[in-house]
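The structure appears right after this line, and notes come after that.
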Amino acid sequence: MTGFHIRPAADSEFPAIGALTHAAYTHDYDDLPSNYQNELRHPEALTDSFAFFVAEDDATDELIGTIAILRPGHDMHGEIGPDELYFRLLATHPDARGRGVGIALTEFAVEQAAERGARAVVLNSGPDMVGAHALYRKLGFSRRSEREGVVELPDGRSFVLLTFVRDLAA
């Protein structure tokens, strides 16, 4: 990994993390519900359950990517096993695309899982996030339809939230 490094987010960075995540997701998906866009802008609301990490450009010190990893002891209402690591809100700023930030952040999550002794890494993804799906498959994740469910949106729309898992070597 050259040109950037990954580190824990500082409390003062949550406005920038929210702006980065919102920019990344709305760059790719033009039909995100307003409640989800608000969640993207306010990652600090998730800090009780999630630890945030950032990719920082070595030359400019700008945040160019982020990921939220579920803290040990949390299970997403029974959906995540005690031997699994769950992450969400993987985002690369649109201006930093093509530098390997998304790959590095995903592999960082896998390394964190190995350090915890987890047997798998789990994530959810919307059905339209095909670029992300390609990245996950490239990195050894496979879709697990038995873990998927329907999400009902406030505006009446619904979709199947996809689940991807990467099993780790024992």
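Letters for chains follow the order of the structure tokens (A, B, ...), residue numbers begin at 1 for each chain, and ligand numbers begin at 1 in the order shown.
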**Exercise: Arg143 (chain A) partners within 8 Å, only C-alpha atoms, chain neighbours under 4 positions left out, as an MDAnalysis selection string** = chainID A and resid 162:165
Residues of the last selection are to be written out with C-alpha atoms, as a PDB file, in the first residue's frame.
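Writing the result to out_12.pdb gives the following:
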ATOM      1  CA  LEU A 162     -27.323  -9.017   0.308  1.00  0.00           C
ATOM      2  CA  THR A 163     -24.875 -10.759   2.636  1.00  0.00           C
ATOM      3  CA  PHE A 164     -21.287 -11.572   1.743  1.00  0.00           C
ATOM      4  CA  VAL A 165     -18.964 -13.726   3.870  1.00  0.00           C
TER       5      VAL A 165
END
**Prompt:** In Å, with one decimal, what is the gap from CA of Glu84 (chain A) to CA of Asn124 (chain A)?
**Reply:** 13.3 Å
For region 91-97 of chain A, list every protein, DNA or RNA residue within 12 Å, evaluated using only C-alpha atoms, and leave out those in the same chain fewer than 5 positions away; present the list as a compact mmCIF listing (two decimals) with all heavy atoms, in the first residue's frame.
# COMPACT_ATOMS: atom_id res chain seq x y z
N GLY A 3 1.19 5.55 -0.62
CA GLY A 3 0.50 6.82 -0.75
C GLY A 3 -0.57 7.09 0.27
O GLY A 3 -1.10 8.20 0.32
N PHE A 4 -0.89 6.11 1.10
CA PHE A 4 -1.86 6.32 2.17
C PHE A 4 -1.66 5.27 3.26
O PHE A 4 -1.00 4.27 3.05
CB PHE A 4 -3.31 6.29 1.65
CG PHE A 4 -3.74 4.97 1.07
CD1 PHE A 4 -4.35 4.00 1.85
CD2 PHE A 4 -3.55 4.69 -0.28
CE1 PHE A 4 -4.74 2.78 1.31
CE2 PHE A 4 -3.94 3.48 -0.83
CZ PHE A 4 -4.54 2.52 -0.03
N ALA A 16 -15.95 14.96 8.83
CA ALA A 16 -15.25 14.67 7.58
C ALA A 16 -15.55 13.24 7.10
O ALA A 16 -15.71 13.01 5.90
CB ALA A 16 -13.75 14.88 7.74
N ILE A 17 -15.63 12.30 8.04
CA ILE A 17 -15.96 10.92 7.68
C ILE A 17 -17.38 10.87 7.10
O ILE A 17 -17.62 10.20 6.09
CB ILE A 17 -15.83 9.99 8.90
CG1 ILE A 17 -14.36 9.87 9.31
CG2 ILE A 17 -16.43 8.61 8.61
CD1 ILE A 17 -14.15 9.21 10.66
N GLY A 18 -18.30 11.58 7.71
CA GLY A 18 -19.66 11.63 7.20
C GLY A 18 -19.74 12.23 5.81
O GLY A 18 -20.43 11.71 4.92
N ALA A 19 -19.00 13.31 5.59
CA ALA A 19 -18.99 13.94 4.27
C ALA A 19 -18.38 13.01 3.23
O ALA A 19 -18.90 12.89 2.11
CB ALA A 19 -18.23 15.26 4.33
N LEU A 20 -17.28 12.34 3.59
CA LEU A 20 -16.62 11.41 2.67
C LEU A 20 -17.56 10.25 2.32
O LEU A 20 -17.71 9.90 1.15
CB LEU A 20 -15.34 10.88 3.33
CG LEU A 20 -14.45 9.94 2.53
CD1 LEU A 20 -13.04 9.99 3.08
CD2 LEU A 20 -14.95 8.51 2.54
N THR A 21 -18.18 9.65 3.33
CA THR A 21 -19.06 8.50 3.10
C THR A 21 -20.26 8.91 2.25
O THR A 21 -20.62 8.21 1.30
CB THR A 21 -19.51 7.90 4.44
OG1 THR A 21 -18.35 7.59 5.22
CG2 THR A 21 -20.32 6.63 4.23
N HIS A 22 -20.85 10.05 2.57
CA HIS A 22 -21.98 10.53 1.79
C HIS A 22 -21.57 10.79 0.35
O HIS A 22 -22.27 10.40 -0.60
CB HIS A 22 -22.56 11.80 2.43
CG HIS A 22 -23.78 12.28 1.74
ND1 HIS A 22 -23.74 13.27 0.78
CD2 HIS A 22 -25.09 11.91 1.85
CE1 HIS A 22 -24.96 13.49 0.34
NE2 HIS A 22 -25.80 12.68 0.97
N ALA A 23 -20.41 11.42 0.14
CA ALA A 23 -19.93 11.69 -1.22
C ALA A 23 -19.70 10.40 -2.00
O ALA A 23 -20.07 10.30 -3.17
CB ALA A 23 -18.64 12.51 -1.16
N ALA A 24 -19.11 9.41 -1.35
CA ALA A 24 -18.83 8.13 -2.02
C ALA A 24 -20.11 7.42 -2.42
O ALA A 24 -20.25 6.96 -3.56
CB ALA A 24 -18.00 7.23 -1.11
N TYR A 25 -21.06 7.33 -1.51
CA TYR A 25 -22.28 6.58 -1.80
C TYR A 25 -23.18 7.32 -2.79
O TYR A 25 -23.75 6.69 -3.69
CB TYR A 25 -23.04 6.29 -0.50
CG TYR A 25 -22.49 5.10 0.26
CD1 TYR A 25 -21.19 5.07 0.75
CD2 TYR A 25 -23.28 3.98 0.49
CE1 TYR A 25 -20.69 3.99 1.44
CE2 TYR A 25 -22.80 2.89 1.19
CZ TYR A 25 -21.50 2.90 1.66
OH TYR A 25 -21.00 1.82 2.35
N THR A 26 -23.32 8.63 -2.65
CA THR A 26 -24.20 9.36 -3.58
C THR A 26 -23.54 9.52 -4.94
O THR A 26 -24.24 9.74 -5.93
CB THR A 26 -24.61 10.72 -3.00
OG1 THR A 26 -23.46 11.50 -2.70
CG2 THR A 26 -25.48 10.55 -1.76
N HIS A 27 -22.23 9.38 -5.03
CA HIS A 27 -21.54 9.41 -6.33
C HIS A 27 -21.97 8.21 -7.16
O HIS A 27 -22.13 8.30 -8.38
CB HIS A 27 -20.03 9.39 -6.11
CG HIS A 27 -19.23 9.39 -7.37
ND1 HIS A 27 -18.79 8.23 -7.97
CD2 HIS A 27 -18.81 10.40 -8.15
CE1 HIS A 27 -18.13 8.53 -9.06
NE2 HIS A 27 -18.11 9.83 -9.21
N ASP A 28 -22.16 7.07 -6.50
CA ASP A 28 -22.48 5.83 -7.20
C ASP A 28 -23.97 5.49 -7.25
O ASP A 28 -24.40 4.76 -8.13
CB ASP A 28 -21.75 4.66 -6.55
CG ASP A 28 -20.25 4.74 -6.74
OD1 ASP A 28 -19.80 5.40 -7.69
OD2 ASP A 28 -19.52 4.16 -5.92
N LEU A 40 -25.50 8.23 6.65
CA LEU A 40 -24.16 8.33 6.07
C LEU A 40 -23.44 9.59 6.55
O LEU A 40 -22.24 9.57 6.80
CB LEU A 40 -24.24 8.34 4.54
CG LEU A 40 -24.76 7.08 3.86
CD1 LEU A 40 -24.92 7.32 2.36
CD2 LEU A 40 -23.87 5.89 4.12
N PHE A 52 -14.44 3.14 13.98
CA PHE A 52 -14.19 3.69 12.65
C PHE A 52 -12.70 3.82 12.40
O PHE A 52 -11.94 4.20 13.29
CB PHE A 52 -14.86 5.07 12.49
CG PHE A 52 -16.34 4.97 12.26
CD1 PHE A 52 -17.21 4.74 13.32
CD2 PHE A 52 -16.86 5.08 10.99
CE1 PHE A 52 -18.57 4.64 13.11
CE2 PHE A 52 -18.23 4.98 10.77
CZ PHE A 52 -19.08 4.76 11.83
N PHE A 53 -12.34 3.50 11.17
CA PHE A 53 -10.96 3.62 10.73
C PHE A 53 -10.96 4.43 9.44
O PHE A 53 -11.96 4.44 8.70
CB PHE A 53 -10.35 2.24 10.48
CG PHE A 53 -10.28 1.41 11.73
CD1 PHE A 53 -11.37 0.65 12.12
CD2 PHE A 53 -9.16 1.44 12.54
CE1 PHE A 53 -11.33 -0.09 13.30
CE2 PHE A 53 -9.10 0.71 13.72
CZ PHE A 53 -10.19 -0.06 14.10
N VAL A 54 -9.86 5.13 9.19
CA VAL A 54 -9.76 5.97 8.01
C VAL A 54 -8.50 5.66 7.23
O VAL A 54 -7.49 5.23 7.79
CB VAL A 54 -9.79 7.47 8.37
CG1 VAL A 54 -11.15 7.86 8.96
CG2 VAL A 54 -8.66 7.85 9.31
N ALA A 55 -8.57 5.89 5.93
CA ALA A 55 -7.40 5.88 5.07
C ALA A 55 -7.04 7.34 4.87
O ALA A 55 -7.87 8.14 4.44
CB ALA A 55 -7.71 5.20 3.74
N GLU A 56 -5.79 7.67 5.19
CA GLU A 56 -5.33 9.05 5.12
C GLU A 56 -4.22 9.16 4.08
O GLU A 56 -3.28 8.36 4.09
CB GLU A 56 -4.81 9.48 6.49
CG GLU A 56 -4.32 10.91 6.56
CD GLU A 56 -3.85 11.27 7.97
OE1 GLU A 56 -2.92 10.59 8.48
OE2 GLU A 56 -4.43 12.19 8.54
N ASP A 57 -4.34 10.13 3.19
CA ASP A 57 -3.34 10.36 2.16
C ASP A 57 -2.04 10.81 2.82
O ASP A 57 -2.04 11.72 3.64
CB ASP A 57 -3.84 11.42 1.18
CG ASP A 57 -2.91 11.60 0.00
OD1 ASP A 57 -1.87 12.27 0.16
OD2 ASP A 57 -3.23 11.06 -1.07
N GLU A 62 -5.28 14.25 3.85
CA GLU A 62 -6.72 14.21 3.65
C GLU A 62 -7.24 12.79 3.86
O GLU A 62 -6.56 11.82 3.54
CB GLU A 62 -7.07 14.67 2.23
CG GLU A 62 -6.86 16.14 2.00
CD GLU A 62 -7.26 16.53 0.58
OE1 GLU A 62 -8.38 16.20 0.16
OE2 GLU A 62 -6.44 17.17 -0.08
N LEU A 63 -8.48 12.70 4.36
CA LEU A 63 -9.14 11.40 4.49
C LEU A 63 -9.64 11.01 3.11
O LEU A 63 -10.35 11.78 2.46
CB LEU A 63 -10.28 11.47 5.48
CG LEU A 63 -9.92 11.92 6.90
CD1 LEU A 63 -11.15 11.80 7.82
CD2 LEU A 63 -8.75 11.14 7.46
N ILE A 64 -9.27 9.81 2.68
CA ILE A 64 -9.67 9.35 1.35
C ILE A 64 -10.51 8.08 1.40
O ILE A 64 -11.02 7.63 0.39
CB ILE A 64 -8.45 9.15 0.44
CG1 ILE A 64 -7.45 8.17 1.04
CG2 ILE A 64 -7.79 10.49 0.14
CD1 ILE A 64 -6.29 7.81 0.12
N GLY A 65 -10.66 7.50 2.59
CA GLY A 65 -11.48 6.30 2.73
C GLY A 65 -11.82 6.05 4.18
O GLY A 65 -11.19 6.63 5.08
N THR A 66 -12.80 5.18 4.39
CA THR A 66 -13.22 4.86 5.75
C THR A 66 -13.91 3.51 5.78
O THR A 66 -14.38 3.01 4.76
CB THR A 66 -14.14 5.97 6.32
OG1 THR A 66 -14.43 5.70 7.69
CG2 THR A 66 -15.43 6.07 5.55
N ILE A 67 -13.95 2.93 6.98
CA ILE A 67 -14.65 1.67 7.22
C ILE A 67 -15.08 1.64 8.69
O ILE A 67 -14.38 2.19 9.55
CB ILE A 67 -13.75 0.45 6.88
CG1 ILE A 67 -14.54 -0.85 6.88
CG2 ILE A 67 -12.55 0.39 7.81
CD1 ILE A 67 -13.75 -2.04 6.32
N ALA A 68 -16.23 1.03 8.95
CA ALA A 68 -16.73 0.88 10.31
C ALA A 68 -16.76 -0.61 10.64
O ALA A 68 -17.35 -1.40 9.90
CB ALA A 68 -18.13 1.47 10.43
N GLY A 102 -10.20 0.92 -1.30
CA GLY A 102 -11.25 -0.02 -0.91
C GLY A 102 -10.70 -1.41 -0.62
O GLY A 102 -11.09 -2.06 0.34
N ILE A 103 -9.76 -1.85 -1.45
CA ILE A 103 -9.11 -3.15 -1.23
C ILE A 103 -8.37 -3.12 0.10
O ILE A 103 -8.50 -4.04 0.92
CB ILE A 103 -8.15 -3.48 -2.38
CG1 ILE A 103 -8.94 -3.77 -3.66
CG2 ILE A 103 -7.25 -4.66 -2.03
CD1 ILE A 103 -8.08 -3.89 -4.91
N ALA A 104 -7.59 -2.07 0.33
CA ALA A 104 -6.79 -1.99 1.55
C ALA A 104 -7.67 -1.96 2.80
O ALA A 104 -7.37 -2.63 3.80
CB ALA A 104 -5.88 -0.75 1.51
N LEU A 105 -8.76 -1.22 2.75
CA LEU A 105 -9.66 -1.15 3.91
C LEU A 105 -10.35 -2.50 4.15
O LEU A 105 -10.50 -2.92 5.30
CB LEU A 105 -10.69 -0.04 3.74
CG LEU A 105 -10.15 1.38 3.90
CD1 LEU A 105 -11.13 2.40 3.34
CD2 LEU A 105 -9.84 1.67 5.37
N THR A 106 -10.73 -3.18 3.09
CA THR A 106 -11.35 -4.50 3.24
C THR A 106 -10.35 -5.50 3.81
O THR A 106 -10.67 -6.26 4.73
CB THR A 106 -11.93 -4.99 1.90
OG1 THR A 106 -12.84 -4.01 1.39
CG2 THR A 106 -12.65 -6.33 2.06
N MET A 129 -25.27 -2.23 -5.61
CA MET A 129 -23.86 -1.90 -5.37
C MET A 129 -22.94 -2.91 -6.06
O MET A 129 -22.08 -3.53 -5.44
CB MET A 129 -23.60 -1.81 -3.87
CG MET A 129 -24.42 -0.74 -3.22
SD MET A 129 -24.14 -0.65 -1.44
CE MET A 129 -25.00 0.87 -1.05
N GLY A 131 -20.44 -2.67 -8.13
CA GLY A 131 -18.99 -2.44 -8.07
C GLY A 131 -18.40 -2.97 -6.79
O GLY A 131 -17.34 -3.61 -6.78
N ALA A 132 -19.09 -2.74 -5.69
CA ALA A 132 -18.65 -3.27 -4.40
C ALA A 132 -18.70 -4.79 -4.41
O ALA A 132 -17.77 -5.45 -3.91
CB ALA A 132 -19.52 -2.71 -3.27
**Request:** Considering only C-alpha atoms, state which residue in the set A:Gly149, A:Tyr29, A:Pro8, A:Arg166 is at the smallest distance from Arg137 (chain A).
**Result:** A:Arg166
**Message:** Could you check the closest approach to Leu89 (chain A) for each of A:Thr60, A:Ser125, A:Ser12, A:Asn35 and tell me which residue wins, using only C-alpha atoms?
**Reply:** A:Ser125
Report the residues of region 13-158 of chain A whose backbone DSSP state falls under strand (DSSP E or B), written as an mmCIF file with N, CA, C and O atoms, in the first residue's frame.
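The result, stored in out10.cif:
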data_model
loop_
_atom_site.group_PDB
_atom_site.id
_atom_site.type_symbol
_atom_site.label_atom_id
_atom_site.label_comp_id
_atom_site.auth_asym_id
_atom_site.auth_seq_id
_atom_site.Cartn_x
_atom_site.Cartn_y
_atom_site.Cartn_z
ATOM 1 N N PHE A 50 -19.709 0.570 16.711
ATOM 2 C CA PHE A 50 -18.717 0.447 15.644
ATOM 3 C C PHE A 50 -17.474 1.279 15.929
ATOM 4 O O PHE A 50 -17.569 2.401 16.424
ATOM 5 N N ALA A 51 -16.319 0.719 15.589
ATOM 6 C CA ALA A 51 -15.054 1.453 15.593
ATOM 7 C C ALA A 51 -14.807 1.897 14.157
ATOM 8 O O ALA A 51 -14.959 1.102 13.223
ATOM 9 N N PHE A 52 -14.445 3.144 13.979
ATOM 10 C CA PHE A 52 -14.194 3.686 12.653
ATOM 11 C C PHE A 52 -12.703 3.816 12.399
ATOM 12 O O PHE A 52 -11.940 4.198 13.291
ATOM 13 N N PHE A 53 -12.335 3.502 11.169
ATOM 14 C CA PHE A 53 -10.956 3.616 10.725
ATOM 15 C C PHE A 53 -10.962 4.434 9.438
ATOM 16 O O PHE A 53 -11.956 4.438 8.695
ATOM 17 N N VAL A 54 -9.858 5.131 9.191
ATOM 18 C CA VAL A 54 -9.761 5.974 8.006
ATOM 19 C C VAL A 54 -8.498 5.656 7.230
ATOM 20 O O VAL A 54 -7.488 5.226 7.793
ATOM 21 N N ALA A 55 -8.573 5.885 5.933
ATOM 22 C CA ALA A 55 -7.396 5.878 5.069
ATOM 23 C C ALA A 55 -7.039 7.344 4.865
ATOM 24 O O ALA A 55 -7.873 8.143 4.443
ATOM 25 N N GLU A 56 -5.792 7.669 5.194
ATOM 26 C CA GLU A 56 -5.327 9.051 5.123
ATOM 27 C C GLU A 56 -4.219 9.162 4.077
ATOM 28 O O GLU A 56 -3.277 8.364 4.091
ATOM 29 N N ASP A 57 -4.342 10.130 3.188
ATOM 30 C CA ASP A 57 -3.341 10.359 2.161
ATOM 31 C C ASP A 57 -2.043 10.812 2.819
ATOM 32 O O ASP A 57 -2.038 11.723 3.644
ATOM 33 N N LEU A 63 -8.475 12.700 4.364
ATOM 34 C CA LEU A 63 -9.135 11.402 4.493
ATOM 35 C C LEU A 63 -9.642 11.007 3.112
ATOM 36 O O LEU A 63 -10.352 11.780 2.460
ATOM 37 N N ILE A 64 -9.269 9.806 2.682
ATOM 38 C CA ILE A 64 -9.672 9.345 1.352
ATOM 39 C C ILE A 64 -10.511 8.078 1.403
ATOM 40 O O ILE A 64 -11.024 7.626 0.385
ATOM 41 N N GLY A 65 -10.661 7.500 2.591
ATOM 42 C CA GLY A 65 -11.479 6.304 2.726
ATOM 43 C C GLY A 65 -11.817 6.053 4.179
ATOM 44 O O GLY A 65 -11.193 6.632 5.083
ATOM 45 N N THR A 66 -12.802 5.182 4.389
ATOM 46 C CA THR A 66 -13.217 4.862 5.751
ATOM 47 C C THR A 66 -13.911 3.506 5.782
ATOM 48 O O THR A 66 -14.385 3.008 4.762
ATOM 49 N N ILE A 67 -13.955 2.925 6.976
ATOM 50 C CA ILE A 67 -14.653 1.670 7.218
ATOM 51 C C ILE A 67 -15.080 1.645 8.685
ATOM 52 O O ILE A 67 -14.383 2.191 9.547
ATOM 53 N N ALA A 68 -16.226 1.034 8.945
ATOM 54 C CA ALA A 68 -16.731 0.878 10.309
ATOM 55 C C ALA A 68 -16.757 -0.610 10.643
ATOM 56 O O ALA A 68 -17.351 -1.401 9.904
ATOM 57 N N ILE A 69 -16.104 -0.978 11.749
ATOM 58 C CA ILE A 69 -16.015 -2.381 12.158
ATOM 59 C C ILE A 69 -16.774 -2.561 13.468
ATOM 60 O O ILE A 69 -16.548 -1.813 14.434
ATOM 61 N N LEU A 70 -17.660 -3.545 13.477
ATOM 62 C CA LEU A 70 -18.455 -3.823 14.671
ATOM 63 C C LEU A 70 -17.542 -4.171 15.834
ATOM 64 O O LEU A 70 -16.633 -4.998 15.703
ATOM 65 N N GLU A 84 -17.395 -13.977 14.393
ATOM 66 C CA GLU A 84 -17.418 -13.279 13.116
ATOM 67 C C GLU A 84 -17.100 -11.799 13.322
ATOM 68 O O GLU A 84 -17.437 -11.224 14.353
ATOM 69 N N LEU A 85 -16.467 -11.205 12.338
ATOM 70 C CA LEU A 85 -16.254 -9.763 12.311
ATOM 71 C C LEU A 85 -17.168 -9.195 11.238
ATOM 72 O O LEU A 85 -17.213 -9.719 10.113
ATOM 73 N N TYR A 86 -17.900 -8.147 11.588
ATOM 74 C CA TYR A 86 -18.823 -7.497 10.658
ATOM 75 C C TYR A 86 -18.337 -6.085 10.383
ATOM 76 O O TYR A 86 -17.924 -5.378 11.310
ATOM 77 N N PHE A 87 -18.365 -5.681 9.115
ATOM 78 C CA PHE A 87 -18.059 -4.287 8.804
ATOM 79 C C PHE A 87 -19.109 -3.712 7.874
ATOM 80 O O PHE A 87 -19.844 -4.422 7.211
ATOM 81 N N ARG A 88 -19.156 -2.382 7.875
ATOM 82 C CA ARG A 88 -20.079 -1.663 7.007
ATOM 83 C C ARG A 88 -19.489 -0.299 6.679
ATOM 84 O O ARG A 88 -18.444 0.078 7.186
ATOM 85 N N LEU A 89 -20.201 0.431 5.839
ATOM 86 C CA LEU A 89 -19.841 1.794 5.474
ATOM 87 C C LEU A 89 -18.428 1.909 4.910
ATOM 88 O O LEU A 89 -17.737 2.899 5.133
ATOM 89 N N LEU A 90 -18.016 0.907 4.152
ATOM 90 C CA LEU A 90 -16.759 0.997 3.421
ATOM 91 C C LEU A 90 -16.939 2.076 2.352
ATOM 92 O O LEU A 90 -17.893 2.031 1.578
ATOM 93 N N ALA A 91 -16.046 3.056 2.334
ATOM 94 C CA ALA A 91 -16.189 4.153 1.380
ATOM 95 C C ALA A 91 -14.823 4.673 0.960
ATOM 96 O O ALA A 91 -13.925 4.822 1.793
ATOM 97 N N THR A 92 -14.698 4.951 -0.319
ATOM 98 C CA THR A 92 -13.537 5.625 -0.878
ATOM 99 C C THR A 92 -14.026 6.912 -1.518
ATOM 100 O O THR A 92 -14.990 6.893 -2.295
ATOM 101 N N ALA A 120 -14.727 -15.763 10.368
ATOM 102 C CA ALA A 120 -15.288 -15.212 9.135
ATOM 103 C C ALA A 120 -15.451 -13.701 9.245
ATOM 104 O O ALA A 120 -15.553 -13.154 10.344
ATOM 105 N N VAL A 121 -15.488 -13.065 8.074
ATOM 106 C CA VAL A 121 -15.795 -11.646 7.952
ATOM 107 C C VAL A 121 -17.120 -11.553 7.201
ATOM 108 O O VAL A 121 -17.305 -12.214 6.176
ATOM 109 N N VAL A 122 -18.025 -10.732 7.724
ATOM 110 C CA VAL A 122 -19.374 -10.621 7.184
ATOM 111 C C VAL A 122 -19.666 -9.164 6.856
ATOM 112 O O VAL A 122 -19.252 -8.262 7.586
ATOM 113 N N LEU A 123 -20.416 -8.948 5.778
ATOM 114 C CA LEU A 123 -20.896 -7.611 5.440
ATOM 115 C C LEU A 123 -22.208 -7.713 4.696
ATOM 116 O O LEU A 123 -22.544 -8.774 4.162
ATOM 117 N N ASN A 124 -22.944 -6.626 4.681
ATOM 118 C CA ASN A 124 -24.176 -6.523 3.901
ATOM 119 C C ASN A 124 -23.977 -5.466 2.827
ATOM 120 O O ASN A 124 -23.199 -4.522 3.001
ATOM 121 N N SER A 125 -24.710 -5.617 1.729
ATOM 122 C CA SER A 125 -24.591 -4.683 0.622
ATOM 123 C C SER A 125 -25.917 -4.607 -0.113
ATOM 124 O O SER A 125 -26.620 -5.609 -0.253
ATOM 125 N N SER A 142 -18.043 -14.541 -0.615
ATOM 126 C CA SER A 142 -19.100 -15.151 -1.412
ATOM 127 C C SER A 142 -20.449 -14.779 -0.805
ATOM 128 O O SER A 142 -20.563 -14.529 0.399
ATOM 129 N N ARG A 143 -21.439 -14.739 -1.658
ATOM 130 C CA ARG A 143 -22.777 -14.350 -1.223
ATOM 131 C C ARG A 143 -23.404 -15.495 -0.436
ATOM 132 O O ARG A 143 -23.252 -16.669 -0.800
ATOM 133 N N GLY A 149 -32.131 -10.764 4.000
ATOM 134 C CA GLY A 149 -33.497 -10.418 4.366
ATOM 135 C C GLY A 149 -33.959 -9.187 3.608
ATOM 136 O O GLY A 149 -33.169 -8.457 3.009
ATOM 137 N N VAL A 150 -35.256 -8.961 3.670
ATOM 138 C CA VAL A 150 -35.871 -7.826 2.993
ATOM 139 C C VAL A 150 -35.831 -6.615 3.918
ATOM 140 O O VAL A 150 -36.136 -6.716 5.112
ATOM 141 N N VAL A 151 -35.450 -5.481 3.353
ATOM 142 C CA VAL A 151 -35.433 -4.212 4.072
ATOM 143 C C VAL A 151 -36.593 -3.373 3.545
ATOM 144 O O VAL A 151 -36.727 -3.190 2.331
ATOM 145 N N GLU A 152 -37.425 -2.900 4.454
ATOM 146 C CA GLU A 152 -38.542 -2.017 4.102
ATOM 147 C C GLU A 152 -38.110 -0.585 4.336
ATOM 148 O O GLU A 152 -37.660 -0.235 5.422
ATOM 149 N N SER A 158 -38.915 -1.587 -1.015
ATOM 150 C CA SER A 158 -38.203 -2.629 -0.277
ATOM 151 C C SER A 158 -37.160 -3.248 -1.204
ATOM 152 O O SER A 158 -37.229 -3.113 -2.423
#
**Prompt:** So how far away is CA of Asp167 (chain A) from CA of Glu44 (chain A), in Å?
**Reply:**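 Result for CA of Glu44 (chain A) versus CA of Asp167 (chain A): 29.3 Å, one decimal.
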**Message:** Report, in Å to a single decimal, how far apart CA of Asp128 (chain A) and CA of Asp83 (chain A) are.
**Reply:**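 Here the two named atoms are 28.6 Å from each other.
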